[in-house]
Amino acid sequence: MNSPFPDFEEDGSILIECGETVTFDGFLTALYEREINQIIPDAKLYLELSVIGNCRVGLYHRAQDGEVTEFVKRKYVAEEGEQGVRKIRIDFDITGSEATIGRWYFVIEALTSDLMVKGACWGMYDAMVRDVRPCFVICTFKREKQLGANVDRLVSALTEHSPNFGIMVVDNACTIRRAEHWPANVRLIPQRNVGGAGGFGRGMFEALQDGSYTHVIMLDDDADVEPTAITRLTNLFSVASDPYLFLGGAQLDVYNPVMLADGGAHWIPDRFERPFGRLPPANLGKIETKDGLMRNHQLNFNGWWLFGGSVEGFKKFGMPLPCFVHLDDVEYGIRISLGGGHILSVPGIGVWHEPYYAKPEGWFAYYNIRNELIRLSCHTEALYARLLQDNFETYHDDVQKRIEALMRRVARLLIRRFYNFINIYHYGSAMLLVLAIEDFLKGPNILAKTDAADLHASIMQVYKRFNTNYQFSSDLPIGAIPTPPGTSGKFIVPWIQKTSSKRNLLAQTYNLYQKISHNGNVSPLRFKNSPLGILSTRRRQITVFKSRNDINWRDIRAGRDWAYYDPQKIGYHIFAYNPDLYHEAHERLQAVLKDFKKHVGQIQGEWAGAYERLISEPFWADLVRTFEVKE
């Protein structure tokens, strides 16, 4: 919706004052053709408005090249004596041409008096509507308030249009109490903390075993749900004929509601951590962002903040990889695309969710690295088998050599990731990267036979020991001297507090020292710390960033503490320089990389060989029995 912004009534109606014109061309109000045309090609569509008062309505189409076509512009005046709500319907056909495909939007002008818009919808003629009985799966861990609000919104959105719905709340913390007003089809499943993958997998397994549902939809417990988006999603499932089509919605920034945080992505199956986003984080109020959403971008990932498909589709593509947390949705999406399925992230459907920039990697580093190594091991072989088809067995030995060489090259990416943590003194994350490689090299038994909850507890013990240099405080430490971060254009050398408009030789030399020393963690001269050292003004300098988005390791003084301000928690995240932690983690890294290069070919084959078993329903049938809460 574009300005001027109208007034909203208590019942959700929109009041447009006489003489005002409002354009409905937003992420949630415009109709994007590409996704609709993929679900139902050449659909016959209509716009329907419910209004009280006289108005002029214009229907417009904007193509990818920016050309705007006025389809209709017409007055709608009530006849003498006509009162109450009137329906206005405008028919139009979808544009199937790639050159002109884009989005439809409408404009309403209030005539003669104030206008009340009671409702608006995009509709479809002659579509074969199928019965949809969705089961929403929510995995939660100690988010009682948000969970309760989302269940209430789901019940409100589904009761009228999909009365045979189900909601499965998988509680990994066993802290949720069933609300008295929840209907019987809201099922609460308490279990041990086996992570998001275990929670979503348990809910998916139970929904498939139930047998009464047609679709399964995953929803994050900390996502703020818009009921209209839920209705749109179930409506699209009702007209989708392809059982292997999966639909999802965008992640919108909960801290800045007009920002698109994630609109889907394409991950390259045989590359380590190589996603290409549909769009970078962008303001949905800008025409460039709205136009960007119209363009073709082949997706194989939509996060499980809101994602679902048919029961038939889930049975074909299997259960999630039991990887505890993170990348389970990435792995599943790539698996769908490799198996011949399709994923659409539909504009107009989305949830407000905490964006990536607000969540430091922290202990997730273990799961991000380990799970990506597992995914790469499984998907690379699956991709090459699909590409070579009958020739795969003929050239199997050559293919395995190629995969082994690819996996060995990942070592340098792991080293880069390690030093990215070290350069900003995230020693805990750096050590968990090492642990992730070690556990990956243990092979499939780390998932198949190791208790996920116990493994996570041991990971957290390691993380806490190597994260002792971190603290959160409402204030900076006593005696700290806050120093602004340096930049390439205005660099402040720590020992000469002067600025220069250009990167002079001294600044360039200092940058080189930062790189070679990994921001002070490697030093040719290591001095013993004296208790009197804390009195030094140089030691008390602390680089302070305004927010997490501003962090750049080159702007941190080498060997000095740093911090950033968190407006949500109202305080500072503070990271202290501690080279002893670096040296211990680095020694472990050197050892594990030798093993990685030596054994990765064999281990990759073991993961690929176990892949089908790990994602099978029989394996999960045994696995979920271990999720039960121990008395």
# chains A, B, ... in the order shown; residues from 1 in each chain; ligands from 1
>>> closest_atom_pairs(of="range 582-614 of chain A", to="range 449-471 of chain A", cutoff="12 Å", atoms="only C-alpha atoms", output="Markdown table")
| residue | atom | partner | partner_atom | distance |
| --- | --- | --- | --- | --- |
| A:Tyr582 | CA | A:Phe466 | CA | 8.9 |
| A:His583 | CA | A:Phe466 | CA | 11.3 |
| A:Glu584 | CA | A:Phe466 | CA | 9.4 |
| A:Ala585 | CA | A:Phe466 | CA | 8.6 |
| A:Leu614 | CA | A:Lys449 | CA | 10.8 |
>>> write_last_selection(atoms="N, CA and C atoms", output="CSV table (one decimal), in the first residue's frame")
chain,number,residue,atom,x,y,z
A,582,TYR,N,43.0,-18.9,21.2
A,582,TYR,CA,43.3,-19.1,19.8
A,582,TYR,C,44.3,-20.2,19.6
A,583,HIS,N,45.4,-20.2,20.3
A,583,HIS,CA,46.4,-21.2,20.1
A,583,HIS,C,45.9,-22.6,20.4
A,584,GLU,N,45.1,-22.8,21.4
A,584,GLU,CA,44.6,-24.1,21.7
A,584,GLU,C,43.7,-24.6,20.6
A,585,ALA,N,42.8,-23.7,20.1
A,585,ALA,CA,41.9,-24.1,19.0
A,585,ALA,C,42.6,-24.3,17.7
A,614,LEU,N,18.9,-42.6,6.6
A,614,LEU,CA,18.7,-41.5,7.6
A,614,LEU,C,17.5,-40.7,7.4
>>> select_by_dssp(residues="range 268-484 of chain A", states="strand (DSSP E)", output="ChimeraX atom specification")
/A:275-277,282-283,306-310,342-353,470-473,481-483
>>> write_last_selection(atoms="C-alpha atoms", output="PDB file, in the first residue's frame")
ATOM      1  CA  PRO A 275      23.603 -19.808  -1.819  1.00  0.00           C
ATOM      2  CA  PHE A 276      22.337 -17.141  -4.221  1.00  0.00           C
ATOM      3  CA  GLY A 277      19.491 -15.168  -2.698  1.00  0.00           C
ATOM      4  CA  ALA A 282      15.613  -4.744   0.883  1.00  0.00           C
ATOM      5  CA  ASN A 283      12.858  -2.232   1.622  1.00  0.00           C
ATOM      6  CA  LEU A 306       6.666 -21.001   6.736  1.00  0.00           C
ATOM      7  CA  PHE A 307       6.918 -23.874   4.255  1.00  0.00           C
ATOM      8  CA  GLY A 308       4.792 -26.823   3.251  1.00  0.00           C
ATOM      9  CA  GLY A 309       3.610 -29.299   0.675  1.00  0.00           C
ATOM     10  CA  SER A 310       1.310 -32.213   0.093  1.00  0.00           C
ATOM     11  CA  HIS A 342       9.570 -27.555  -7.220  1.00  0.00           C
ATOM     12  CA  ILE A 343       9.622 -24.784  -4.616  1.00  0.00           C
ATOM     13  CA  LEU A 344       7.847 -21.451  -4.910  1.00  0.00           C
ATOM     14  CA  SER A 345       8.156 -18.562  -2.454  1.00  0.00           C
ATOM     15  CA  VAL A 346       4.983 -16.618  -3.134  1.00  0.00           C
ATOM     16  CA  PRO A 347       4.896 -12.799  -2.738  1.00  0.00           C
ATOM     17  CA  GLY A 348       1.941 -11.935  -0.540  1.00  0.00           C
ATOM     18  CA  ILE A 349       2.745 -14.787   1.833  1.00  0.00           C
ATOM     19  CA  GLY A 350       5.228 -14.242   4.648  1.00  0.00           C
ATOM     20  CA  VAL A 351       5.915 -14.016   8.352  1.00  0.00           C
ATOM     21  CA  TRP A 352       7.767 -11.491  10.477  1.00  0.00           C
ATOM     22  CA  HIS A 353      10.800 -13.174  11.958  1.00  0.00           C
ATOM     23  CA  TYR A 470      32.589 -12.896  25.975  1.00  0.00           C
ATOM     24  CA  GLN A 471      30.246 -11.026  28.276  1.00  0.00           C
ATOM     25  CA  PHE A 472      27.032  -9.066  27.966  1.00  0.00           C
ATOM     26  CA  SER A 473      26.673  -5.941  30.061  1.00  0.00           C
ATOM     27  CA  ILE A 481      38.064   3.931  26.746  1.00  0.00           C
ATOM     28  CA  PRO A 482      35.471   3.664  23.923  1.00  0.00           C
ATOM     29  CA  THR A 483      37.152   4.154  20.561  1.00  0.00           C
TER      30      THR A 483
END
>>> residues_around(residues="range 567-571 of chain A", least_positions_apart="6", cutoff="10 Å", atoms="only C-alpha atoms", output="PDB file with N, CA, C and O atoms, in the first residue's frame")
ATOM      1  N   TYR A 255      12.068  -6.524  13.232  1.00  0.00           N
ATOM      2  CA  TYR A 255      12.502  -5.254  13.820  1.00  0.00           C
ATOM      3  C   TYR A 255      12.287  -4.067  12.885  1.00  0.00           C
ATOM      4  O   TYR A 255      12.317  -2.924  13.317  1.00  0.00           O
ATOM      5  N   ALA A 358      20.495 -10.269  13.280  1.00  0.00           N
ATOM      6  CA  ALA A 358      20.246 -10.135  14.718  1.00  0.00           C
ATOM      7  C   ALA A 358      20.677 -11.365  15.502  1.00  0.00           C
ATOM      8  O   ALA A 358      20.572 -11.386  16.723  1.00  0.00           O
ATOM      9  N   PHE A 472      28.056 -10.062  28.307  1.00  0.00           N
ATOM     10  CA  PHE A 472      27.032  -9.066  27.966  1.00  0.00           C
ATOM     11  C   PHE A 472      26.826  -8.178  29.195  1.00  0.00           C
ATOM     12  O   PHE A 472      26.693  -8.678  30.311  1.00  0.00           O
ATOM     13  N   SER A 473      26.807  -6.877  28.950  1.00  0.00           N
ATOM     14  CA  SER A 473      26.673  -5.941  30.061  1.00  0.00           C
ATOM     15  C   SER A 473      25.885  -4.722  29.612  1.00  0.00           C
ATOM     16  O   SER A 473      25.959  -4.315  28.450  1.00  0.00           O
ATOM     17  N   SER A 474      25.155  -4.155  30.558  1.00  0.00           N
ATOM     18  CA  SER A 474      24.406  -2.934  30.246  1.00  0.00           C
ATOM     19  C   SER A 474      25.336  -1.740  30.043  1.00  0.00           C
ATOM     20  O   SER A 474      24.949  -0.724  29.465  1.00  0.00           O
ATOM     21  N   ASP A 475      26.572  -1.856  30.547  1.00  0.00           N
ATOM     22  CA  ASP A 475      27.567  -0.789  30.394  1.00  0.00           C
ATOM     23  C   ASP A 475      28.898  -1.382  29.967  1.00  0.00           C
ATOM     24  O   ASP A 475      29.157  -2.585  30.144  1.00  0.00           O
ATOM     25  N   LEU A 476      29.755  -0.532  29.430  1.00  0.00           N
ATOM     26  CA  LEU A 476      31.108  -0.963  29.114  1.00  0.00           C
ATOM     27  C   LEU A 476      31.883  -1.179  30.413  1.00  0.00           C
ATOM     28  O   LEU A 476      31.516  -0.632  31.459  1.00  0.00           O
ATOM     29  N   LYS A 546      28.384   0.647  16.453  1.00  0.00           N
ATOM     30  CA  LYS A 546      27.025   1.092  16.758  1.00  0.00           C
ATOM     31  C   LYS A 546      26.030  -0.068  16.752  1.00  0.00           C
ATOM     32  O   LYS A 546      25.054  -0.072  17.497  1.00  0.00           O
ATOM     33  N   SER A 547      26.257  -1.046  15.876  1.00  0.00           N
ATOM     34  CA  SER A 547      25.353  -2.196  15.796  1.00  0.00           C
ATOM     35  C   SER A 547      26.117  -3.378  15.222  1.00  0.00           C
ATOM     36  O   SER A 547      27.254  -3.234  14.729  1.00  0.00           O
TER      37      SER A 547
END
>>> select_by_dssp(residues="range 305-431 of chain A", states="alpha helix (DSSP H)", output="ChimeraX atom specification")
/A:311-317,328-338,364-388,391-394,396-422,427-431
>>> residues_around(residues="range 620-631 of chain A", least_positions_apart="6", cutoff="7 Å", atoms="only C-alpha atoms", output="PyMOL selection string")
chain A and resi 191-192+202
>>> residues_around(residues="Gly341 in chain A", least_positions_apart="4", cutoff="12 Å", atoms="only C-alpha atoms", output="list in words")
Asp242, Pro243, Tyr244, Leu245, Phe246, Leu247, Gln298, Leu299, Asn300, Phe301, Gly309, Ser310, Glu312, Gly313, Phe314, Lys316, Phe317, Tyr332, Gly333, Ile334, Arg335, Ile336 and Ser337 of chain A
>>> closest_residue(among="A:Phe27, A:Trp267, A:Tyr60, A:Tyr356", to="Pro281 in chain A", atoms="only C-alpha atoms")
A:Tyr356
>>> residues_around(residues="Gly318 in chain A", least_positions_apart="6", cutoff="9 Å", atoms="only C-alpha atoms", output="short mmCIF file (atom, residue, chain, number, x, y, z; two decimals) with N, CA, C and O atoms, in the first residue's frame")
data_model
loop_
_atom_site.label_atom_id
_atom_site.label_comp_id
_atom_site.auth_asym_id
_atom_site.auth_seq_id
_atom_site.Cartn_x
_atom_site.Cartn_y
_atom_site.Cartn_z
N TYR A 332 16.65 -30.16 2.78
CA TYR A 332 15.39 -30.71 2.26
C TYR A 332 15.02 -30.03 0.94
O TYR A 332 14.55 -30.68 0.00
N GLU A 612 20.00 -42.39 2.36
CA GLU A 612 18.62 -42.85 2.18
C GLU A 612 18.05 -43.43 3.47
O GLU A 612 16.86 -43.27 3.77
N ILE A 615 16.98 -40.67 6.11
CA ILE A 615 15.79 -39.87 5.80
C ILE A 615 14.55 -40.74 5.57
O ILE A 615 13.52 -40.23 5.11
N SER A 616 14.65 -42.00 5.90
CA SER A 616 13.52 -42.92 5.67
C SER A 616 12.56 -42.92 6.86
O SER A 616 12.95 -42.65 8.00
N GLU A 617 11.30 -43.23 6.59
CA GLU A 617 10.30 -43.32 7.66
C GLU A 617 10.61 -44.43 8.66
O GLU A 617 10.44 -44.23 9.87
#
>>> residues_around(residues="range 416-420 of chain A", least_positions_apart="5", cutoff="8 Å", atoms="only C-alpha atoms", output="list in words")
Ala430, Leu433 and His518 of chain A
>>> atom_distance(atom1="CA of Trp553 in chain A", atom2="CA of Phe364 in chain A")
20.0 Å
>>> atom_distance(atom1="CA of Ile88 in chain A", atom2="CA of Leu49 in chain A")
5.1 Å
>>> atom_distance(atom1="CA of Phe24 in chain A", atom2="CA of Leu45 in chain A")
17.1 Å
>>> closest_atom_pairs(of="range 203-316 of chain A", to="range 62-66 of chain A", cutoff="8 Å", atoms="only C-alpha atoms", output="JSON lines")
{"residue": "A:Asp291", "atom": "CA", "partner": "A:Gln64", "partner_atom": "CA", "distance": 6.5}
{"residue": "A:Met294", "atom": "CA", "partner": "A:Gln64", "partner_atom": "CA", "distance": 6.5}
{"residue": "A:Arg295", "atom": "CA", "partner": "A:Gln64", "partner_atom": "CA", "distance": 6.7}
>>> write_last_selection(atoms="N, CA, C and O atoms", output="mmCIF file, in the first residue's frame")
data_model
loop_
_atom_site.group_PDB
_atom_site.id
_atom_site.type_symbol
_atom_site.label_atom_id
_atom_site.label_comp_id
_atom_site.auth_asym_id
_atom_site.auth_seq_id
_atom_site.Cartn_x
_atom_site.Cartn_y
_atom_site.Cartn_z
ATOM 1 N N ASP A 291 9.820 -4.724 -8.011
ATOM 2 C CA ASP A 291 10.119 -5.192 -9.361
ATOM 3 C C ASP A 291 11.050 -6.408 -9.317
ATOM 4 O O ASP A 291 10.930 -7.327 -10.135
ATOM 5 N N MET A 294 9.458 -9.767 -9.147
ATOM 6 C CA MET A 294 8.771 -10.252 -10.340
ATOM 7 C C MET A 294 9.680 -11.105 -11.214
ATOM 8 O O MET A 294 9.196 -11.872 -12.039
ATOM 9 N N ARG A 295 10.986 -10.959 -11.070
ATOM 10 C CA ARG A 295 11.924 -11.610 -11.985
ATOM 11 C C ARG A 295 12.094 -13.090 -11.665
ATOM 12 O O ARG A 295 11.920 -13.530 -10.541
#
>>> closest_residue(among="A:Thr231, A:Gln541, A:Ser429, A:Ser377", to="Ile556 in chain A", atoms="only C-alpha atoms")
A:Gln541
>>> closest_residue(among="A:Ala110, A:Ile534, A:Leu413, A:Val522", to="Ile14 in chain A", atoms="only C-alpha atoms")
A:Ala110
